[in-house]
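The data block below is data_34.cif; it holds mmCIF, C-alpha atoms.
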data_data
#
loop_
_atom_site.label_atom_id
_atom_site.label_comp_id
_atom_site.auth_asym_id
_atom_site.auth_seq_id
_atom_site.Cartn_x
_atom_site.Cartn_y
_atom_site.Cartn_z
CA MET A 231 -34.25 -7.88 11.32
CA ILE A 232 -35.43 -5.07 9.03
CA ILE A 233 -31.90 -3.65 8.89
CA ARG A 234 -30.47 -7.06 8.12
CA ILE A 235 -32.95 -7.72 5.28
CA GLY A 236 -32.41 -4.29 3.73
CA ARG A 237 -28.65 -4.29 4.16
CA MET A 238 -27.77 -4.80 0.49
CA ARG A 239 -30.15 -2.08 -0.68
CA ILE A 240 -29.05 0.40 1.99
CA SER A 241 -25.38 -0.31 1.27
CA ALA A 242 -25.82 0.14 -2.47
CA ARG A 243 -27.31 3.59 -1.99
CA LEU A 244 -25.14 4.92 0.82
CA PHE A 245 -21.75 3.52 -0.23
CA ARG A 246 -21.63 5.52 -3.46
CA GLN A 247 -20.80 8.85 -1.83
CA LYS A 248 -19.02 7.68 1.32
CA SER A 249 -15.34 7.70 2.26
CA MET A 250 -13.57 4.46 3.15
CA ILE A 251 -13.86 5.21 6.89
CA GLN A 252 -17.58 5.97 6.59
CA LYS A 253 -18.12 2.74 4.66
CA ALA A 254 -16.25 0.79 7.31
CA LEU A 255 -18.32 2.38 10.09
CA LEU A 256 -21.55 1.56 8.26
CA ASN A 257 -20.41 -2.05 7.93
CA GLU A 258 -19.72 -2.17 11.66
CA PHE A 259 -23.21 -0.79 12.34
CA PHE A 260 -24.76 -3.66 10.38
CA GLU A 261 -22.51 -6.15 12.16
CA SER A 262 -23.54 -4.73 15.55
CA ALA A 263 -27.22 -5.07 14.67
CA LEU A 264 -26.61 -8.67 13.61
CA LEU A 265 -24.74 -9.53 16.81
CA ILE A 266 -27.50 -7.99 18.94
CA GLN A 267 -30.09 -9.99 17.01
CA TYR A 268 -28.19 -13.23 17.67
CA GLY A 269 -27.77 -12.30 21.33
CA LEU A 270 -31.45 -11.53 21.81
CA THR A 271 -32.43 -14.74 19.98
CA LEU A 272 -30.25 -16.66 22.42
CA HIS A 273 -31.93 -14.73 25.22
CA ILE A 274 -35.35 -15.99 24.09
CA PHE A 275 -34.10 -19.57 24.29
CA CYS A 276 -32.79 -18.87 27.79
CA ILE A 277 -36.25 -17.60 28.81
CA LEU A 278 -37.94 -20.72 27.40
CA ILE A 279 -35.55 -22.96 29.32
CA TYR A 280 -35.93 -20.84 32.47
CA ARG A 281 -39.72 -21.20 32.41
CA GLN A 282 -39.47 -25.00 32.28
CA PHE A 283 -38.03 -25.28 35.79
CA PRO A 284 -39.99 -24.77 39.01
CA ILE A 285 -38.48 -22.02 41.17
CA SER A 286 -39.38 -20.97 44.69
CA ASP A 287 -41.38 -17.80 45.11
CA GLU A 288 -38.60 -16.22 47.19
CA VAL A 289 -36.02 -16.09 44.38
CA THR A 290 -38.40 -15.72 41.44
CA PRO A 291 -38.49 -11.87 41.50
CA ILE A 292 -34.69 -11.68 41.50
CA LEU A 293 -34.28 -14.25 38.73
CA ASP A 294 -37.02 -12.61 36.68
CA LEU A 295 -35.16 -9.31 36.94
CA VAL A 296 -31.90 -10.93 35.82
CA ILE A 297 -33.40 -13.02 33.01
CA TYR A 298 -35.89 -10.55 31.56
CA ILE A 299 -34.00 -7.27 32.01
CA GLY A 300 -30.40 -7.92 33.04
CA LEU A 301 -29.43 -10.39 30.32
CA PRO A 302 -30.64 -8.33 27.31
CA LEU A 303 -29.03 -5.17 28.68
CA PHE A 304 -25.80 -7.06 29.34
CA THR A 305 -25.87 -8.50 25.80
CA ILE A 306 -26.27 -5.05 24.25
CA TRP A 307 -23.50 -3.66 26.49
CA VAL A 308 -21.04 -6.42 25.58
CA VAL A 309 -21.74 -6.00 21.85
CA GLY A 310 -21.36 -2.22 22.16
CA VAL A 311 -18.01 -2.40 23.98
CA PHE A 312 -16.70 -5.04 21.56
CA GLN A 313 -17.68 -3.01 18.50
CA LEU A 314 -16.34 0.24 19.99
CA LEU A 315 -12.91 -1.30 20.54
CA LYS A 316 -13.02 -2.87 17.09
CA ILE A 317 -13.97 0.43 15.43
CA ARG A 318 -11.19 2.34 17.19
CA THR A 319 -8.61 -0.19 16.05
CA MET A 320 -10.00 -0.24 12.52
CA VAL A 321 -10.12 3.57 12.15
CA SER A 322 -6.56 3.84 13.43
CA LYS A 323 -5.39 1.31 10.82
CA LEU A 324 -7.34 3.00 8.02
CA ARG A 325 -5.82 6.39 8.80
CA LYS A 326 -2.31 4.94 8.69
CA GLU A 327 -2.98 2.80 5.62
CA GLU A 328 -1.46 3.68 2.27
CA TRP A 329 -3.94 3.58 -0.61
CA LEU A 330 -2.77 2.61 -4.08
CA PRO A 331 -4.54 3.55 -7.32
CA ILE A 332 -5.65 0.71 -9.57
CA VAL A 333 -4.75 1.70 -13.13
CA THR A 334 -4.97 0.49 -16.71
CA GLU A 335 -1.89 0.03 -18.91
CA LYS A 336 -2.53 3.56 -20.22
CA GLY A 337 -2.36 4.93 -16.68
CA GLU A 338 -6.08 5.61 -16.26
CA VAL A 339 -7.22 5.25 -12.64
CA THR A 340 -10.12 2.82 -12.22
CA GLY A 341 -10.19 2.47 -8.43
CA ARG A 342 -8.07 2.17 -5.30
CA ILE A 343 -7.08 -0.48 -2.77
CA ALA A 344 -5.18 -0.63 0.51
CA LYS A 345 -1.51 -1.39 -0.07
CA SER A 346 -1.46 -4.12 2.59
CA VAL A 347 -4.39 -5.86 0.88
CA SER A 348 -3.00 -5.59 -2.64
CA VAL A 349 0.41 -6.96 -1.61
CA ASN A 350 -1.25 -10.13 -0.33
CA MET A 351 -3.14 -10.47 -3.62
CA LYS A 352 0.19 -10.39 -5.51
CA ASN A 353 -0.29 -9.50 -9.20
CA LYS A 354 -4.07 -9.14 -9.37
CA PHE A 355 -4.04 -5.34 -9.74
CA LEU A 356 -1.84 -2.99 -11.73
CA HIS A 357 -0.30 -0.16 -9.68
CA PRO A 358 1.92 2.75 -10.76
CA VAL A 359 5.50 2.67 -9.47
CA VAL A 360 8.11 5.40 -9.97
CA ARG A 361 11.79 4.58 -10.35
CA VAL A 362 14.61 7.10 -10.56
CA ALA A 363 18.00 6.35 -12.12
CA LEU A 364 20.71 8.50 -10.52
CA ILE A 365 23.34 9.36 -13.14
CA SER A 366 26.73 11.04 -12.77
CA ASN A 367 29.29 11.28 -15.60
CA SER A 368 27.65 8.40 -17.52
CA LYS A 369 27.64 6.18 -14.44
CA VAL A 370 24.59 4.76 -12.66
CA PHE A 371 24.18 4.48 -8.89
CA LEU A 372 23.09 0.99 -7.79
CA GLN A 373 22.76 -0.80 -4.48
CA GLU A 374 21.15 -3.95 -3.08
CA ARG A 375 17.40 -4.05 -2.75
CA ALA A 376 16.07 -4.80 0.74
CA GLY A 377 15.93 -8.43 1.78
CA ASP A 378 12.16 -8.26 2.38
CA ASP A 379 11.27 -6.72 -0.99
CA ILE A 380 8.57 -8.50 -2.99
CA LEU A 381 10.55 -7.99 -6.18
CA ASN A 382 14.12 -9.33 -6.49
CA PRO A 383 15.39 -8.99 -2.90
CA ARG A 384 19.17 -8.49 -2.60
CA LYS A 385 19.52 -7.77 -6.31
CA LEU A 386 21.28 -4.58 -7.44
CA ASP A 387 18.95 -1.77 -8.47
CA TYR A 388 18.31 1.97 -8.17
CA PRO A 389 17.74 2.99 -4.54
CA PHE A 390 14.91 5.29 -5.60
CA GLU A 391 11.67 3.38 -6.11
CA LYS A 392 8.23 4.10 -4.73
CA TYR A 393 4.58 3.20 -5.25
CA MET A 394 2.58 6.22 -6.32
CA LEU A 395 -0.20 6.75 -3.77
CA PHE A 396 -3.83 7.46 -4.63
CA ASN A 397 -4.45 11.10 -5.65
CA HIS A 398 -0.70 11.81 -5.78
CA GLU A 399 1.19 13.08 -8.81
CA ILE A 400 3.86 11.06 -10.62
CA ASN A 401 6.50 13.81 -10.35
CA LEU A 402 5.79 14.23 -6.64
CA ALA A 403 6.18 10.49 -6.06
CA ALA A 404 9.51 10.53 -7.93
CA ARG A 405 10.83 13.43 -5.85
CA ASN A 406 9.61 11.82 -2.64
CA SER A 407 11.50 8.63 -3.50
CA ILE A 408 14.70 10.70 -3.66
CA ARG A 409 13.98 12.65 -0.47
CA GLN A 410 13.19 9.43 1.37
CA MET A 411 16.78 8.29 0.78
CA LEU A 412 18.75 11.56 0.69
CA GLY A 413 16.79 13.81 3.05
CA GLU A 414 13.77 16.11 2.87
CA ASP A 415 15.85 19.13 1.80
CA THR A 416 17.25 17.37 -1.30
CA GLU A 417 16.49 19.10 -4.60
CA ILE A 418 17.61 17.26 -7.75
CA GLU A 419 16.15 17.87 -11.19
CA ILE A 420 14.40 14.83 -12.66
CA GLN A 421 13.45 13.98 -16.22
CA PHE A 422 10.87 11.44 -17.38
CA LEU A 423 12.37 8.72 -19.56
CA LEU A 424 10.19 5.65 -19.98
CA LYS A 425 6.85 4.01 -19.12
CA TYR A 426 6.19 0.27 -19.33
CA VAL A 427 4.28 -2.59 -17.69
CA PHE A 428 6.19 -5.11 -15.59
CA GLU A 429 4.57 -8.30 -14.31
CA ASN A 430 5.71 -11.52 -12.67
CA GLU A 431 4.11 -14.03 -10.29
CA ASN A 432 4.45 -11.65 -7.31
CA THR A 433 3.64 -8.17 -8.58
CA LYS A 434 2.16 -6.16 -11.44
CA ARG A 435 3.41 -2.62 -12.00
CA LEU A 436 3.03 0.28 -14.39
CA ILE A 437 6.55 1.65 -14.12
CA PHE A 438 7.49 5.28 -14.73
CA LEU A 439 11.27 5.64 -15.07
CA PHE A 440 12.87 9.00 -14.37
CA VAL A 441 16.49 10.13 -14.61
CA ALA A 442 18.25 12.43 -12.14
CA ASN A 443 21.65 13.84 -13.11
CA VAL A 444 24.28 15.08 -10.66
CA GLU A 445 27.51 16.69 -11.86
CA ASP A 446 29.71 15.29 -9.11
CA GLU A 447 29.49 11.95 -7.31
CA SER A 448 30.53 13.67 -4.07
CA MET A 449 27.12 15.38 -4.01
CA ILE A 450 25.61 12.04 -2.99
CA LYS A 451 26.21 11.38 0.68
CA ARG A 452 27.30 7.77 1.23
CA ARG A 453 25.63 7.26 4.57
CA GLY A 454 22.47 5.85 6.09
CA LYS A 455 20.40 4.19 3.40
CA MET A 456 22.78 5.06 0.54
CA THR A 457 25.19 2.13 0.63
CA GLY A 458 25.78 1.50 -3.08
CA LYS A 459 28.17 2.88 -5.69
CA PHE A 460 28.29 4.30 -9.22
CA TRP A 461 28.75 1.78 -12.02
CA THR A 462 30.23 2.45 -15.46
CA VAL A 463 28.59 1.05 -18.58
CA LYS A 464 31.43 -1.47 -18.95
CA GLN A 465 31.00 -2.70 -15.35
CA LEU A 466 27.26 -3.03 -15.87
CA GLU A 467 27.63 -5.03 -19.06
CA GLU A 468 30.09 -7.39 -17.35
CA GLY A 469 27.73 -7.80 -14.40
CA PHE A 470 24.88 -9.12 -16.54
CA ALA A 471 26.62 -12.48 -16.86
CA ASP A 472 26.46 -12.90 -13.07
CA GLU A 473 22.70 -12.13 -12.88
CA ILE A 474 23.20 -9.64 -10.06
CA PHE A 475 20.74 -7.01 -11.26
CA SER A 476 16.99 -6.70 -10.71
CA GLU A 477 14.59 -7.71 -13.47
CA CYS A 478 13.42 -4.14 -13.97
CA PHE A 479 16.95 -2.80 -14.32
CA GLU A 480 17.78 -5.51 -16.85
CA LEU A 481 14.76 -4.45 -18.92
CA GLU A 482 15.64 -0.76 -18.68
CA PHE A 483 19.41 -0.92 -19.18
CA GLU A 484 19.63 -0.90 -22.99
CA TYR A 485 17.20 2.00 -23.26
CA LEU A 486 18.99 3.87 -20.46
CA LYS A 487 22.38 3.24 -22.07
CA ASN A 488 21.36 4.36 -25.55
CA MET A 489 19.26 7.36 -24.49
CA VAL A 490 21.22 8.69 -21.50
CA LEU A 491 24.59 7.08 -20.76
CA ILE A 492 26.18 6.94 -24.24
CA PRO A 493 24.86 10.39 -25.30
CA SER A 494 26.41 11.79 -22.10
CA ASP A 495 29.78 10.32 -23.08
CA ILE A 496 29.48 11.90 -26.53
CA MET A 497 28.59 15.31 -25.11
CA LYS A 498 31.55 15.53 -22.71
CA PRO A 499 34.29 15.94 -25.39
CA ALA A 500 32.12 18.43 -27.26
CA MET A 501 31.62 20.51 -24.13
CA GLY A 502 35.35 20.40 -23.42
CA ALA A 503 36.14 21.68 -26.92
CA ASN A 504 33.90 24.67 -26.38
#

I'd like the structure from this file rewritten - as structure tokens, please.
Amino acid sequence: MIIRIGRMRISARLFRQKSMIQKALLNEFFESALLIQYGLTLHIFCILIYRQFPISDEVTPILDLVIYIGLPLFTIWVVGVFQLLKIRTMVSKLRKEEWLPIVTEKGEVTGRIAKSVSVNMKNKFLHPVVRVALISNSKVFLQERAGDDILNPRKLDYPFEKYMLFNHEINLAARNSIRQMLGEDTEIEIQFLLKYVFENENTKRLIFLFVANVEDESMIKRRGKMTGKFWTVKQLEEGFADEIFSECFELEFEYLKNMVLIPSDIMKPAMGAN
């Protein structure tokens, strides 16, 4: 009862310096104490009912042993086993869980939340997402987004997109998004291009757009997860009428075209002249 009454005060003091797993374990401790309290309260009612019925002297010692000692011990044992199994499952999930930083529009981290929780809350929190545009000879590599994506499933987009995890660096997240698709040994130079906030009814993202240039399209292995193709600027502009591209790509295209694709076209003749 004392633990239950002081729970808020104890939690406020101890939670400040604890990890997520420690906080979860402390919560389970309070829940165990509460369950034991309920069980023992029920046990008192059982005793009151038991004492209302006349019982023969022969079985009284046995029943007394069961009611007064056996039942409370059994209650504590059941609660302990239940909580132990629950804690093991919970710790296993927490260790596998991906944690996303909660950020401001300037990119300042204000907290963190489990990815599985935030996805269900849709666009309540702003999370950083890295996107990488793969460019070769003024062409952009695009392919269909997965059918179960929250944002624009089956729409054409860059294959390299990833949530930045808590305590991770933006550049590392961008490189990991490439390695996830092309293999762990892939090394492609990336360049930061653009940062902006994207929001719709399903998600809210602080997007960091990077560009990765490859000299030859044959360097990109068309196997496994890489099922798309390179698109020219003309093909992209014609495709806009059919609404086949993701919302993010549509927002980024003009900037990408003017800052990367067209300048690349201009540079090629100049390099050839040299």

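Nearest residue to A:Leu381, choosing from A:Phe475, A:Tyr280, A:Tyr426, A:Tyr268 and counting only C-alpha atoms: A:Phe475.
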
Please list as a PyMOL selection string every residue within 8 Å of A:Thr305, counting only C-alpha atoms and excluding residues in the same chain fewer than 5 positions away. chain A and resi 266+269-270

Of A:Thr462, A:Ile297, A:Val339, A:Leu265, the one nearest to A:Val309 when counting all atoms listed in the file is A:Leu265

Applying the PyMOL selection byres ((chain A and resi 458) around 8) to the file I just gave you, which residues come out? Please list them as a tab-separated table (two decimals) with C-alpha atoms, in the coordinates of the input.
chain	number	residue	atom	x	y	z
A	371	PHE	CA	24.18	4.48	-8.89
A	372	LEU	CA	23.09	0.99	-7.79
A	373	GLN	CA	22.76	-0.80	-4.48
A	374	GLU	CA	21.15	-3.95	-3.08
A	452	ARG	CA	27.30	7.77	1.23
A	456	MET	CA	22.78	5.06	0.54
A	457	THR	CA	25.19	2.13	0.63
A	459	LYS	CA	28.17	2.88	-5.69
A	460	PHE	CA	28.29	4.30	-9.22

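Between atom CA of A:Pro493 and atom CA of A:Ser366 the separation is 12.7 Å.
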
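Residues within 8 Å of A:Leu364, counting all atoms listed in the file and excluding same-chain residues fewer than 6 positions away, are Val370, Phe371, Tyr388, Val441, Ala442, Asn443 and Val444 of chain A.
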
Let me know the residues the PyMOL selection byres ((chain A and resi 340-356) around 7) catches in the file above, as a PyMOL selection string.
chain A and resi 327-334+338-339+357-358+396+431-436

Quiz item: Which residues, written as number ranges by chain, have at least one atom at most 12 Å from A:Ala404, with only C-alpha atoms counted and residues fewer than 4 positions away on the same chain left out?
Solution: A: 358-364, 389-395, 398-400, 408-411, 417-422, 437-442

Please write C-alpha atoms of stretch 285-335 of chain A, from the structure given just now, as an mmCIF file, in the first residue's frame.
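Contents of the output file decode14.cif:
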data_model
loop_
_atom_site.group_PDB
_atom_site.id
_atom_site.type_symbol
_atom_site.label_atom_id
_atom_site.label_comp_id
_atom_site.auth_asym_id
_atom_site.auth_seq_id
_atom_site.Cartn_x
_atom_site.Cartn_y
_atom_site.Cartn_z
ATOM 1 C CA ILE A 285 -16.335 -27.359 9.667
ATOM 2 C CA SER A 286 -15.577 -30.631 11.406
ATOM 3 C CA ASP A 287 -12.568 -30.752 13.680
ATOM 4 C CA GLU A 288 -10.966 -33.481 11.558
ATOM 5 C CA VAL A 289 -10.490 -31.337 8.432
ATOM 6 C CA THR A 290 -10.076 -27.960 10.127
ATOM 7 C CA PRO A 291 -6.249 -28.191 10.519
ATOM 8 C CA ILE A 292 -5.829 -29.064 6.837
ATOM 9 C CA LEU A 293 -8.178 -26.330 5.627
ATOM 10 C CA ASP A 294 -6.569 -23.796 7.965
ATOM 11 C CA LEU A 295 -3.185 -24.643 6.454
ATOM 12 C CA VAL A 296 -4.531 -24.206 2.918
ATOM 13 C CA ILE A 297 -6.512 -21.029 3.598
ATOM 14 C CA TYR A 298 -4.106 -19.175 5.885
ATOM 15 C CA ILE A 299 -0.760 -20.212 4.389
ATOM 16 C CA GLY A 300 -1.250 -21.997 1.074
ATOM 17 C CA LEU A 301 -3.469 -19.439 -0.660
ATOM 18 C CA PRO A 302 -1.295 -16.344 0.002
ATOM 19 C CA LEU A 303 1.862 -18.204 -1.021
ATOM 20 C CA PHE A 304 0.135 -19.483 -4.162
ATOM 21 C CA THR A 305 -1.068 -15.941 -4.983
ATOM 22 C CA ILE A 306 2.447 -14.529 -4.684
ATOM 23 C CA TRP A 307 3.857 -17.403 -6.767
ATOM 24 C CA VAL A 308 1.312 -16.925 -9.572
ATOM 25 C CA VAL A 309 1.943 -13.164 -9.692
ATOM 26 C CA GLY A 310 5.707 -13.748 -9.701
ATOM 27 C CA VAL A 311 5.613 -16.266 -12.567
ATOM 28 C CA PHE A 312 3.230 -14.071 -14.580
ATOM 29 C CA GLN A 313 5.393 -10.976 -14.152
ATOM 30 C CA LEU A 314 8.608 -12.889 -14.883
ATOM 31 C CA LEU A 315 7.254 -14.125 -18.210
ATOM 32 C CA LYS A 316 5.913 -10.665 -18.991
ATOM 33 C CA ILE A 317 9.251 -9.003 -18.185
ATOM 34 C CA ARG A 318 11.208 -11.446 -20.356
ATOM 35 C CA THR A 319 8.918 -10.784 -23.302
ATOM 36 C CA MET A 320 9.018 -7.031 -22.745
ATOM 37 C CA VAL A 321 12.830 -6.838 -22.417
ATOM 38 C CA SER A 322 13.232 -8.910 -25.573
ATOM 39 C CA LYS A 323 10.963 -6.507 -27.483
ATOM 40 C CA LEU A 324 12.711 -3.426 -26.082
ATOM 41 C CA ARG A 325 16.135 -4.702 -27.127
ATOM 42 C CA LYS A 326 14.914 -5.312 -30.674
ATOM 43 C CA GLU A 327 12.938 -2.069 -30.867
ATOM 44 C CA GLU A 328 14.133 0.810 -33.027
ATOM 45 C CA TRP A 329 14.076 4.175 -31.255
ATOM 46 C CA LEU A 330 13.417 7.333 -33.241
ATOM 47 C CA PRO A 331 14.451 10.837 -32.161
ATOM 48 C CA ILE A 332 11.706 13.427 -31.803
ATOM 49 C CA VAL A 333 12.991 16.631 -33.389
ATOM 50 C CA THR A 334 12.010 20.230 -34.064
ATOM 51 C CA GLU A 335 11.887 21.690 -37.572
#
